[in-house]
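As stored in run34.cif (mmCIF, C-alpha atoms):
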data_coords
loop_
_atom_site.label_atom_id
_atom_site.label_comp_id
_atom_site.auth_asym_id
_atom_site.auth_seq_id
_atom_site.Cartn_x
_atom_site.Cartn_y
_atom_site.Cartn_z
CA MET H 1 -57.94 29.52 193.28
CA THR H 2 -55.71 26.64 192.20
CA LEU H 3 -53.66 27.37 189.09
CA HIS H 4 -52.86 24.60 186.59
CA ALA H 5 -49.93 24.06 184.25
CA GLU H 6 -48.27 21.27 182.26
CA LEU H 7 -44.57 20.43 182.34
CA TYR H 8 -43.21 18.68 179.24
CA PHE H 9 -40.26 16.62 180.39
CA SER H 10 -37.68 14.07 179.23
CA PHE H 11 -35.87 11.73 181.60
CA ARG H 12 -32.73 12.02 179.45
CA SER H 13 -32.70 15.81 179.40
CA PRO H 14 -30.31 17.30 181.96
CA TYR H 15 -32.15 20.61 181.80
CA SER H 16 -35.43 18.83 182.49
CA TYR H 17 -33.81 17.42 185.63
CA LEU H 18 -32.43 20.83 186.58
CA SER H 19 -35.94 22.28 186.41
CA VAL H 20 -38.18 19.58 187.85
CA GLY H 21 -37.14 19.86 191.49
CA ARG H 22 -37.71 23.60 191.43
CA TYR H 23 -41.12 23.20 189.82
CA ARG H 24 -41.94 20.57 192.44
CA ALA H 25 -41.01 23.05 195.17
CA MET H 26 -43.27 25.67 193.57
CA ALA H 27 -46.20 23.26 193.49
CA GLU H 28 -45.65 22.42 197.16
CA GLU H 29 -45.38 26.06 198.26
CA TYR H 30 -48.14 27.56 196.12
CA ASP H 31 -51.74 26.68 195.27
CA LEU H 32 -50.57 25.21 191.99
CA GLU H 33 -50.92 21.89 190.20
CA ILE H 34 -48.31 20.98 187.60
CA ALA H 35 -49.16 17.96 185.47
CA LEU H 36 -46.15 16.07 184.15
CA LYS H 37 -46.21 15.35 180.41
CA PRO H 38 -43.34 12.94 179.64
CA VAL H 39 -41.91 12.79 176.12
CA TYR H 40 -39.23 10.67 174.57
CA PRO H 41 -35.86 12.41 174.10
CA LEU H 42 -34.44 13.69 170.84
CA ALA H 43 -32.19 10.63 170.61
CA ILE H 44 -35.37 8.59 170.09
CA ARG H 45 -37.40 11.07 168.07
CA GLN H 46 -34.52 12.46 165.95
CA PRO H 47 -31.56 10.04 166.12
CA ASP H 48 -29.36 12.22 163.89
CA PHE H 49 -29.92 15.41 165.96
CA PHE H 50 -26.58 15.34 167.73
CA GLU H 51 -24.66 14.69 164.53
CA ARG H 52 -26.15 17.84 162.99
CA ASN H 53 -25.16 20.19 165.82
CA HIS H 54 -22.26 22.64 165.82
CA PRO H 55 -19.02 21.05 167.07
CA ASN H 56 -19.04 23.38 170.08
CA TRP H 57 -22.53 22.35 171.13
CA LEU H 58 -21.62 19.40 173.34
CA GLY H 59 -18.75 21.08 175.17
CA TYR H 60 -20.72 24.22 175.90
CA THR H 61 -23.80 22.31 176.99
CA MET H 62 -21.81 20.19 179.44
CA ARG H 63 -20.14 23.28 180.92
CA ASP H 64 -23.46 25.10 181.19
CA MET H 65 -25.46 22.33 182.84
CA MET H 66 -22.71 21.80 185.43
CA ARG H 67 -22.67 25.47 186.39
CA VAL H 68 -26.48 25.62 186.52
CA ALA H 69 -26.38 22.71 188.97
CA GLN H 70 -23.67 24.42 191.03
CA PHE H 71 -25.53 27.74 191.02
CA HIS H 72 -28.71 26.15 192.36
CA GLY H 73 -27.02 23.60 194.61
CA ILE H 74 -28.49 20.65 192.73
CA PRO H 75 -26.66 17.27 192.85
CA PHE H 76 -25.43 16.51 189.36
CA GLY H 77 -23.43 13.84 187.57
CA ALA H 78 -23.31 11.89 184.34
CA PRO H 79 -25.95 9.13 184.27
CA ARG H 80 -24.65 5.67 185.10
CA PRO H 81 -25.86 4.21 182.79
CA ASP H 82 -27.08 6.56 180.10
CA PRO H 83 -30.86 6.20 179.70
CA ILE H 84 -30.17 5.87 175.97
CA VAL H 85 -28.34 2.90 174.45
CA GLN H 86 -25.86 4.46 172.03
CA ASN H 87 -22.55 3.54 170.40
CA ILE H 88 -20.16 6.13 171.83
CA MET H 89 -17.73 5.83 168.92
CA THR H 90 -20.23 6.06 166.05
CA ARG H 91 -23.04 7.91 167.94
CA GLU H 92 -25.46 5.37 166.47
CA ILE H 93 -28.67 5.04 168.48
CA ALA H 94 -29.69 1.44 169.11
CA GLU H 95 -33.12 0.34 167.98
CA ASP H 96 -33.85 -1.37 171.30
CA GLN H 97 -34.11 1.18 174.13
CA PRO H 98 -35.25 -0.62 177.29
CA ARG H 99 -34.08 1.94 179.87
CA ILE H 100 -35.59 5.14 178.49
CA ARG H 101 -38.81 3.39 177.48
CA ARG H 102 -39.30 1.86 180.92
CA VAL H 103 -38.68 5.03 182.92
CA THR H 104 -40.74 7.20 180.52
CA ARG H 105 -43.63 4.77 180.65
CA MET H 106 -43.36 4.79 184.44
CA GLY H 107 -43.53 8.58 184.30
CA GLN H 108 -46.67 8.45 182.18
CA ALA H 109 -48.26 5.87 184.46
CA ALA H 110 -47.45 8.15 187.43
CA ALA H 111 -48.92 11.10 185.52
CA ARG H 112 -52.15 9.14 185.02
CA ARG H 113 -52.43 9.13 188.81
CA GLY H 114 -51.53 12.79 189.31
CA LYS H 115 -48.11 11.89 190.73
CA GLY H 116 -45.90 12.47 187.72
CA LEU H 117 -44.10 15.57 188.96
CA VAL H 118 -42.91 13.96 192.19
CA PHE H 119 -41.88 10.75 190.44
CA ALA H 120 -39.94 12.71 187.81
CA ALA H 121 -38.12 14.67 190.51
CA GLU H 122 -37.23 11.52 192.44
CA ALA H 123 -36.23 9.46 189.39
CA GLY H 124 -34.41 12.41 187.84
CA ARG H 125 -32.27 12.80 190.95
CA MET H 126 -31.24 9.15 190.64
CA ILE H 127 -30.45 9.39 186.93
CA TRP H 128 -28.63 12.74 187.01
CA GLY H 129 -27.62 12.92 190.67
CA GLY H 130 -25.00 10.20 190.64
CA GLN H 131 -26.91 7.02 191.51
CA GLU H 132 -24.96 4.21 189.87
CA GLY H 133 -27.21 1.51 188.43
CA TRP H 134 -30.31 3.68 188.79
CA ASP H 135 -32.15 1.31 186.42
CA GLU H 136 -31.58 -1.71 188.65
CA GLY H 137 -31.84 -2.73 192.27
CA GLY H 138 -35.29 -1.31 192.89
CA HIS H 139 -34.23 2.34 192.56
CA LEU H 140 -37.06 3.31 190.23
CA GLU H 141 -39.48 1.39 192.41
CA GLY H 142 -38.22 3.51 195.29
CA ALA H 143 -39.00 6.65 193.29
CA LEU H 144 -42.53 5.36 192.75
CA THR H 145 -42.90 4.73 196.48
CA ALA H 146 -41.62 8.24 197.24
CA ALA H 147 -44.35 9.55 194.93
CA GLY H 148 -46.98 7.69 196.94
CA LEU H 149 -47.51 5.00 194.33
CA ASP H 150 -47.62 1.21 194.45
CA PRO H 151 -44.50 0.01 192.57
CA ALA H 152 -45.97 -3.39 191.79
CA GLU H 153 -49.14 -1.86 190.33
CA VAL H 154 -47.26 0.66 188.18
CA SER H 155 -44.67 -1.88 187.00
CA ALA H 156 -47.44 -4.28 185.97
CA GLU H 157 -49.19 -1.48 184.08
CA VAL H 158 -45.96 -0.54 182.29
CA GLU H 159 -45.60 -4.14 181.09
CA ALA H 160 -49.25 -4.69 180.18
CA GLU H 161 -50.06 -1.31 178.63
CA ALA H 162 -46.83 -0.34 176.86
CA GLU H 163 -48.55 0.57 173.59
CA ALA H 164 -51.23 2.64 175.29
CA LEU H 165 -48.64 4.48 177.37
CA ASP H 166 -46.54 5.14 174.27
CA ALA H 167 -49.61 6.56 172.52
CA GLU H 168 -50.13 8.95 175.44
CA ILE H 169 -46.45 9.92 175.36
CA ALA H 170 -46.72 10.62 171.61
CA ALA H 171 -49.80 12.74 172.30
CA ASN H 172 -47.79 14.71 174.87
CA GLN H 173 -45.24 15.56 172.16
CA SER H 174 -48.00 16.60 169.76
CA ASN H 175 -49.59 18.78 172.43
CA LEU H 176 -46.24 20.40 173.20
CA GLU H 177 -45.82 21.34 169.56
CA ALA H 178 -49.41 22.58 169.39
CA ALA H 179 -48.65 24.82 172.38
CA GLY H 180 -45.85 26.50 170.44
CA HIS H 181 -42.62 24.65 171.25
CA TRP H 182 -40.87 21.35 170.59
CA GLY H 183 -38.17 20.95 173.25
CA VAL H 184 -37.95 20.25 176.95
CA PRO H 185 -38.30 21.34 179.62
CA THR H 186 -41.27 23.44 178.58
CA LEU H 187 -43.93 24.54 181.02
CA VAL H 188 -47.25 25.56 179.48
CA PHE H 189 -49.46 27.85 181.53
CA GLU H 190 -52.79 29.00 180.13
CA GLY H 191 -51.58 28.18 176.63
CA GLU H 192 -48.30 30.09 176.97
CA PRO H 193 -45.08 28.04 176.65
CA PHE H 194 -41.98 28.77 178.73
CA PHE H 195 -38.98 26.81 177.45
CA GLY H 196 -35.91 26.07 179.53
CA GLN H 197 -34.82 25.79 183.14
CA ASP H 198 -33.99 29.51 183.07
CA ARG H 199 -37.64 30.55 182.65
CA ILE H 200 -38.87 29.47 186.08
CA ASP H 201 -38.76 32.97 187.57
CA MET H 202 -40.66 34.26 184.56
CA VAL H 203 -43.24 31.48 184.96
CA LYS H 204 -43.74 32.53 188.57
CA TRP H 205 -44.06 36.19 187.51
CA ARG H 206 -46.77 35.29 185.00
CA MET H 207 -48.60 33.13 187.51
CA GLU H 208 -48.51 35.91 190.09
CA GLN H 209 -50.32 38.06 187.55
CA LYS H 210 -53.02 35.38 187.51
CA GLY H 211 -53.39 35.18 191.28
CA LEU H 212 -50.71 32.69 192.38
CA ALA H 213 -51.00 32.33 196.15
CA ARG H 214 -49.21 30.36 198.83
CA ARG H 215 -50.95 27.30 200.22
#
So, in terms of C-alpha cells, how does the structure I just supplied come out?
Amino acid sequence: MTLHAELYFSFRSPYSYLSVGRYRAMAEEYDLEIALKPVYPLAIRQPDFFERNHPNWLGYTMRDMMRVAQFHGIPFGAPRPDPIVQNIMTREIAEDQPRIRRVTRMGQAAARRGKGLVFAAEAGRMIWGGQEGWDEGGHLEGALTAAGLDPAEVSAEVEAEAEALDAEIAANQSNLEAAGHWGVPTLVFEGEPFFGQDRIDMVKWRMEQKGLARR
C-alpha cells in the first residue's frame, strides 16, 4: 500500500535543503509518495522576522546548518546569489524579488505534475551546494530536466500563470498552518506535522507503524 505525505518547503531555507534529498531517497526506496508544497520564505512573508530574533540566532544557525551538512555528507555553501534580494547593511527586504518568485513558482509548477520533490532536491543542491549563478545559465532548466520535465513548458507556465501559481503557494502556507505548524521543512503525514530536518527518522518510525514497505 502506497503511503502519502506532504513536504512543506522553501527554496531559501537551508534546513529545507538539508532535508529534501533525504526525503527524496526515502520516496525512492519505499512505497511512498511525497508531494512537494512550496511556500515563500519568511523574508517574504514576515520581512522583519530576522530583526526580531535574538542576536545569537544567526551565528548559531550558521554553525548548526554547517555541521548538519557535514554529519550527513551533504554539499553545502552560501547561495551565490541569495534567493532573496536584501540590503546586507540595513537588512531591508526589497519589494521586487525575481529570484525567489521564479524558483518557487517553478517548484509549484513541478508539483502540479507530481515532480516537485525531485525538482526541489535538484534545484536546492544548486542553490545551497555551491553552484555560482544558479539563477542563470540554464541551471534551473537543468533541474527541471533532471526531474523529467520540459523546461520550456514549465518556464512558459511560470510566466503566463504567475498569479495562479502564487495563489497555490499561498494555499500551501494556509494548509501548513491548518496542519499545526508554520515553518519549514515540515512533513505532514496523515495529518501529523513533523517539523525540521531532524525529524526524518521519527517520520520513518511513524510510517513504519502504518505499513511502510520497500519498493
Result set of the PyMOL selection byres ((chain H and resi 26-43) around 9) on the coordinates above, as a PDB file with C-alpha atoms, in the frame of the given file:
ATOM      1  CA  MET H   1     -57.940  29.520 193.280  1.00  0.00           C
ATOM      2  CA  THR H   2     -55.710  26.640 192.200  1.00  0.00           C
ATOM      3  CA  LEU H   3     -53.660  27.370 189.090  1.00  0.00           C
ATOM      4  CA  HIS H   4     -52.860  24.600 186.590  1.00  0.00           C
ATOM      5  CA  ALA H   5     -49.930  24.060 184.250  1.00  0.00           C
ATOM      6  CA  GLU H   6     -48.270  21.270 182.260  1.00  0.00           C
ATOM      7  CA  LEU H   7     -44.570  20.430 182.340  1.00  0.00           C
ATOM      8  CA  TYR H   8     -43.210  18.680 179.240  1.00  0.00           C
ATOM      9  CA  PHE H   9     -40.260  16.620 180.390  1.00  0.00           C
ATOM     10  CA  SER H  10     -37.680  14.070 179.230  1.00  0.00           C
ATOM     11  CA  PHE H  11     -35.870  11.730 181.600  1.00  0.00           C
ATOM     12  CA  ARG H  12     -32.730  12.020 179.450  1.00  0.00           C
ATOM     13  CA  SER H  13     -32.700  15.810 179.400  1.00  0.00           C
ATOM     14  CA  GLY H  21     -37.140  19.860 191.490  1.00  0.00           C
ATOM     15  CA  ARG H  22     -37.710  23.600 191.430  1.00  0.00           C
ATOM     16  CA  TYR H  23     -41.120  23.200 189.820  1.00  0.00           C
ATOM     17  CA  ARG H  24     -41.940  20.570 192.440  1.00  0.00           C
ATOM     18  CA  ALA H  25     -41.010  23.050 195.170  1.00  0.00           C
ATOM     19  CA  ILE H  44     -35.370   8.590 170.090  1.00  0.00           C
ATOM     20  CA  ARG H  45     -37.400  11.070 168.070  1.00  0.00           C
ATOM     21  CA  GLN H  46     -34.520  12.460 165.950  1.00  0.00           C
ATOM     22  CA  PRO H  47     -31.560  10.040 166.120  1.00  0.00           C
ATOM     23  CA  ASP H  48     -29.360  12.220 163.890  1.00  0.00           C
ATOM     24  CA  PHE H  49     -29.920  15.410 165.960  1.00  0.00           C
ATOM     25  CA  PHE H  50     -26.580  15.340 167.730  1.00  0.00           C
ATOM     26  CA  ILE H  84     -30.170   5.870 175.970  1.00  0.00           C
ATOM     27  CA  GLN H  86     -25.860   4.460 172.030  1.00  0.00           C
ATOM     28  CA  ILE H  93     -28.670   5.040 168.480  1.00  0.00           C
ATOM     29  CA  ILE H 100     -35.590   5.140 178.490  1.00  0.00           C
ATOM     30  CA  ARG H 101     -38.810   3.390 177.480  1.00  0.00           C
ATOM     31  CA  THR H 104     -40.740   7.200 180.520  1.00  0.00           C
ATOM     32  CA  ARG H 105     -43.630   4.770 180.650  1.00  0.00           C
ATOM     33  CA  GLY H 107     -43.530   8.580 184.300  1.00  0.00           C
ATOM     34  CA  GLN H 108     -46.670   8.450 182.180  1.00  0.00           C
ATOM     35  CA  ALA H 110     -47.450   8.150 187.430  1.00  0.00           C
ATOM     36  CA  ALA H 111     -48.920  11.100 185.520  1.00  0.00           C
ATOM     37  CA  GLY H 114     -51.530  12.790 189.310  1.00  0.00           C
ATOM     38  CA  LYS H 115     -48.110  11.890 190.730  1.00  0.00           C
ATOM     39  CA  GLY H 116     -45.900  12.470 187.720  1.00  0.00           C
ATOM     40  CA  LEU H 117     -44.100  15.570 188.960  1.00  0.00           C
ATOM     41  CA  VAL H 118     -42.910  13.960 192.190  1.00  0.00           C
ATOM     42  CA  ALA H 120     -39.940  12.710 187.810  1.00  0.00           C
ATOM     43  CA  GLU H 168     -50.130   8.950 175.440  1.00  0.00           C
ATOM     44  CA  ILE H 169     -46.450   9.920 175.360  1.00  0.00           C
ATOM     45  CA  ALA H 170     -46.720  10.620 171.610  1.00  0.00           C
ATOM     46  CA  ALA H 171     -49.800  12.740 172.300  1.00  0.00           C
ATOM     47  CA  ASN H 172     -47.790  14.710 174.870  1.00  0.00           C
ATOM     48  CA  GLN H 173     -45.240  15.560 172.160  1.00  0.00           C
ATOM     49  CA  LEU H 176     -46.240  20.400 173.200  1.00  0.00           C
ATOM     50  CA  GLY H 183     -38.170  20.950 173.250  1.00  0.00           C
ATOM     51  CA  VAL H 184     -37.950  20.250 176.950  1.00  0.00           C
ATOM     52  CA  LEU H 187     -43.930  24.540 181.020  1.00  0.00           C
ATOM     53  CA  LYS H 204     -43.740  32.530 188.570  1.00  0.00           C
ATOM     54  CA  LEU H 212     -50.710  32.690 192.380  1.00  0.00           C
ATOM     55  CA  ALA H 213     -51.000  32.330 196.150  1.00  0.00           C
ATOM     56  CA  ARG H 214     -49.210  30.360 198.830  1.00  0.00           C
ATOM     57  CA  ARG H 215     -50.950  27.300 200.220  1.00  0.00           C
TER      58      ARG H 215
END
**OP:** For the structure provided, state which residues fall under the PyMOL selection byres ((chain H and resi 127-140) around 12), and present them as JSON, numbers by chain.
**Re:** {"H": [10, 11, 12, 13, 14, 15, 16, 17, 18, 20, 21, 65, 66, 69, 73, 74, 75, 76, 77, 78, 79, 80, 81, 82, 83, 84, 98, 99, 100, 101, 102, 103, 104, 105, 106, 107, 110, 119, 120, 121, 122, 123, 124, 125, 126, 141, 142, 143, 144, 145, 146, 147, 149, 150, 151, 152, 154, 155]}
Original post:
Suppose you want the space between atom CA of H:Val85 and atom CA of H:Thr186; what is it in Å?
Top reply: 24.6 Å
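We find atom CA of H:Gln197 and atom CA of H:Asn56 to be spaced 20.6 Å apart.
Ranking H:Arg63, H:Glu208, H:Ala109, H:Pro193 by their shortest atom-to-atom distance to H:Ala160, with all atoms listed in the file included, puts H:Ala109 first.
Take atom CA of H:Gln209 and atom CA of H:Phe189: the distance between them is 11.9 Å.
Using all atoms listed in the file for every distance, the candidate list H:Arg67, H:Arg112, H:Gly148, H:Gly180 yields H:Arg112 as the residue closest to H:Ala164.
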Mind writing stretch 114-141 of chain H to a file for me, with N, CA and C atoms, as a CSV table (one decimal), in the first residue's frame?
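Result file out10.csv:
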chain,number,residue,atom,x,y,z
H,114,GLY,N,3.5,16.3,-10.2
H,114,GLY,CA,4.0,15.2,-9.4
H,114,GLY,C,5.5,15.1,-9.4
H,115,LYS,N,6.2,16.1,-9.8
H,115,LYS,CA,7.7,16.1,-9.8
H,115,LYS,C,8.3,17.1,-8.9
H,116,GLY,N,7.6,17.6,-8.0
H,116,GLY,CA,8.1,18.7,-7.2
H,116,GLY,C,9.3,18.3,-6.3
H,117,LEU,N,9.2,17.1,-5.7
H,117,LEU,CA,10.2,16.6,-4.8
H,117,LEU,C,11.6,16.5,-5.5
H,118,VAL,N,11.6,15.9,-6.6
H,118,VAL,CA,12.9,15.8,-7.4
H,118,VAL,C,13.4,17.1,-7.8
H,119,PHE,N,12.5,18.0,-8.3
H,119,PHE,CA,13.0,19.3,-8.7
H,119,PHE,C,13.5,20.1,-7.5
H,120,ALA,N,12.9,20.0,-6.4
H,120,ALA,CA,13.4,20.8,-5.2
H,120,ALA,C,14.7,20.2,-4.8
H,121,ALA,N,14.9,18.9,-4.9
H,121,ALA,CA,16.2,18.4,-4.5
H,121,ALA,C,17.3,18.8,-5.4
H,122,GLU,N,17.0,18.8,-6.7
H,122,GLU,CA,18.0,19.2,-7.7
H,122,GLU,C,18.3,20.7,-7.7
H,123,ALA,N,17.2,21.5,-7.6
H,123,ALA,CA,17.4,23.0,-7.5
H,123,ALA,C,18.1,23.4,-6.2
H,124,GLY,N,17.6,22.7,-5.1
H,124,GLY,CA,18.2,23.0,-3.8
H,124,GLY,C,19.7,22.8,-3.8
H,125,ARG,N,20.2,21.7,-4.4
H,125,ARG,CA,21.6,21.4,-4.4
H,125,ARG,C,22.4,22.5,-5.2
H,126,MET,N,21.7,23.1,-6.2
H,126,MET,CA,22.4,24.2,-6.9
H,126,MET,C,22.5,25.4,-6.0
H,127,ILE,N,21.3,25.8,-5.4
H,127,ILE,CA,21.3,27.0,-4.6
H,127,ILE,C,22.2,26.9,-3.3
H,128,TRP,N,22.1,25.8,-2.6
H,128,TRP,CA,22.9,25.6,-1.4
H,128,TRP,C,24.1,24.7,-1.5
H,129,GLY,N,24.4,24.2,-2.6
H,129,GLY,CA,25.5,23.3,-2.8
H,129,GLY,C,26.7,23.9,-3.5
H,130,GLY,N,26.7,25.2,-3.7
H,130,GLY,CA,27.8,25.9,-4.2
H,130,GLY,C,27.8,26.3,-5.6
H,131,GLN,N,26.7,26.2,-6.3
H,131,GLN,CA,26.6,26.5,-7.7
H,131,GLN,C,26.5,28.0,-7.9
H,132,GLU,N,27.6,28.6,-8.3
H,132,GLU,CA,27.6,30.1,-8.6
H,132,GLU,C,26.7,30.4,-9.8
H,133,GLY,N,25.9,31.5,-9.6
H,133,GLY,CA,25.0,31.9,-10.7
H,133,GLY,C,23.9,30.8,-10.9
H,134,TRP,N,23.4,30.2,-9.9
H,134,TRP,CA,22.4,29.1,-10.0
H,134,TRP,C,21.1,29.6,-10.8
H,135,ASP,N,20.9,30.9,-10.7
H,135,ASP,CA,19.7,31.5,-11.3
H,135,ASP,C,19.9,31.9,-12.7
H,136,GLU,N,21.0,31.6,-13.3
H,136,GLU,CA,21.3,32.0,-14.7
H,136,GLU,C,21.9,30.7,-15.4
H,137,GLY,N,22.1,30.9,-16.7
H,137,GLY,CA,22.9,29.9,-17.4
H,137,GLY,C,22.2,28.6,-17.6
H,138,GLY,N,20.9,28.6,-17.4
H,138,GLY,CA,20.1,27.3,-17.7
H,138,GLY,C,20.2,26.3,-16.5
H,139,HIS,N,20.7,26.7,-15.4
H,139,HIS,CA,20.8,25.8,-14.3
H,139,HIS,C,19.5,25.3,-13.8
H,140,LEU,N,18.5,26.2,-13.6
H,140,LEU,CA,17.2,25.8,-13.1
H,140,LEU,C,16.5,24.9,-14.2
H,141,GLU,N,16.7,25.3,-15.4
H,141,GLU,CA,16.2,24.5,-16.5
H,141,GLU,C,16.8,23.0,-16.5
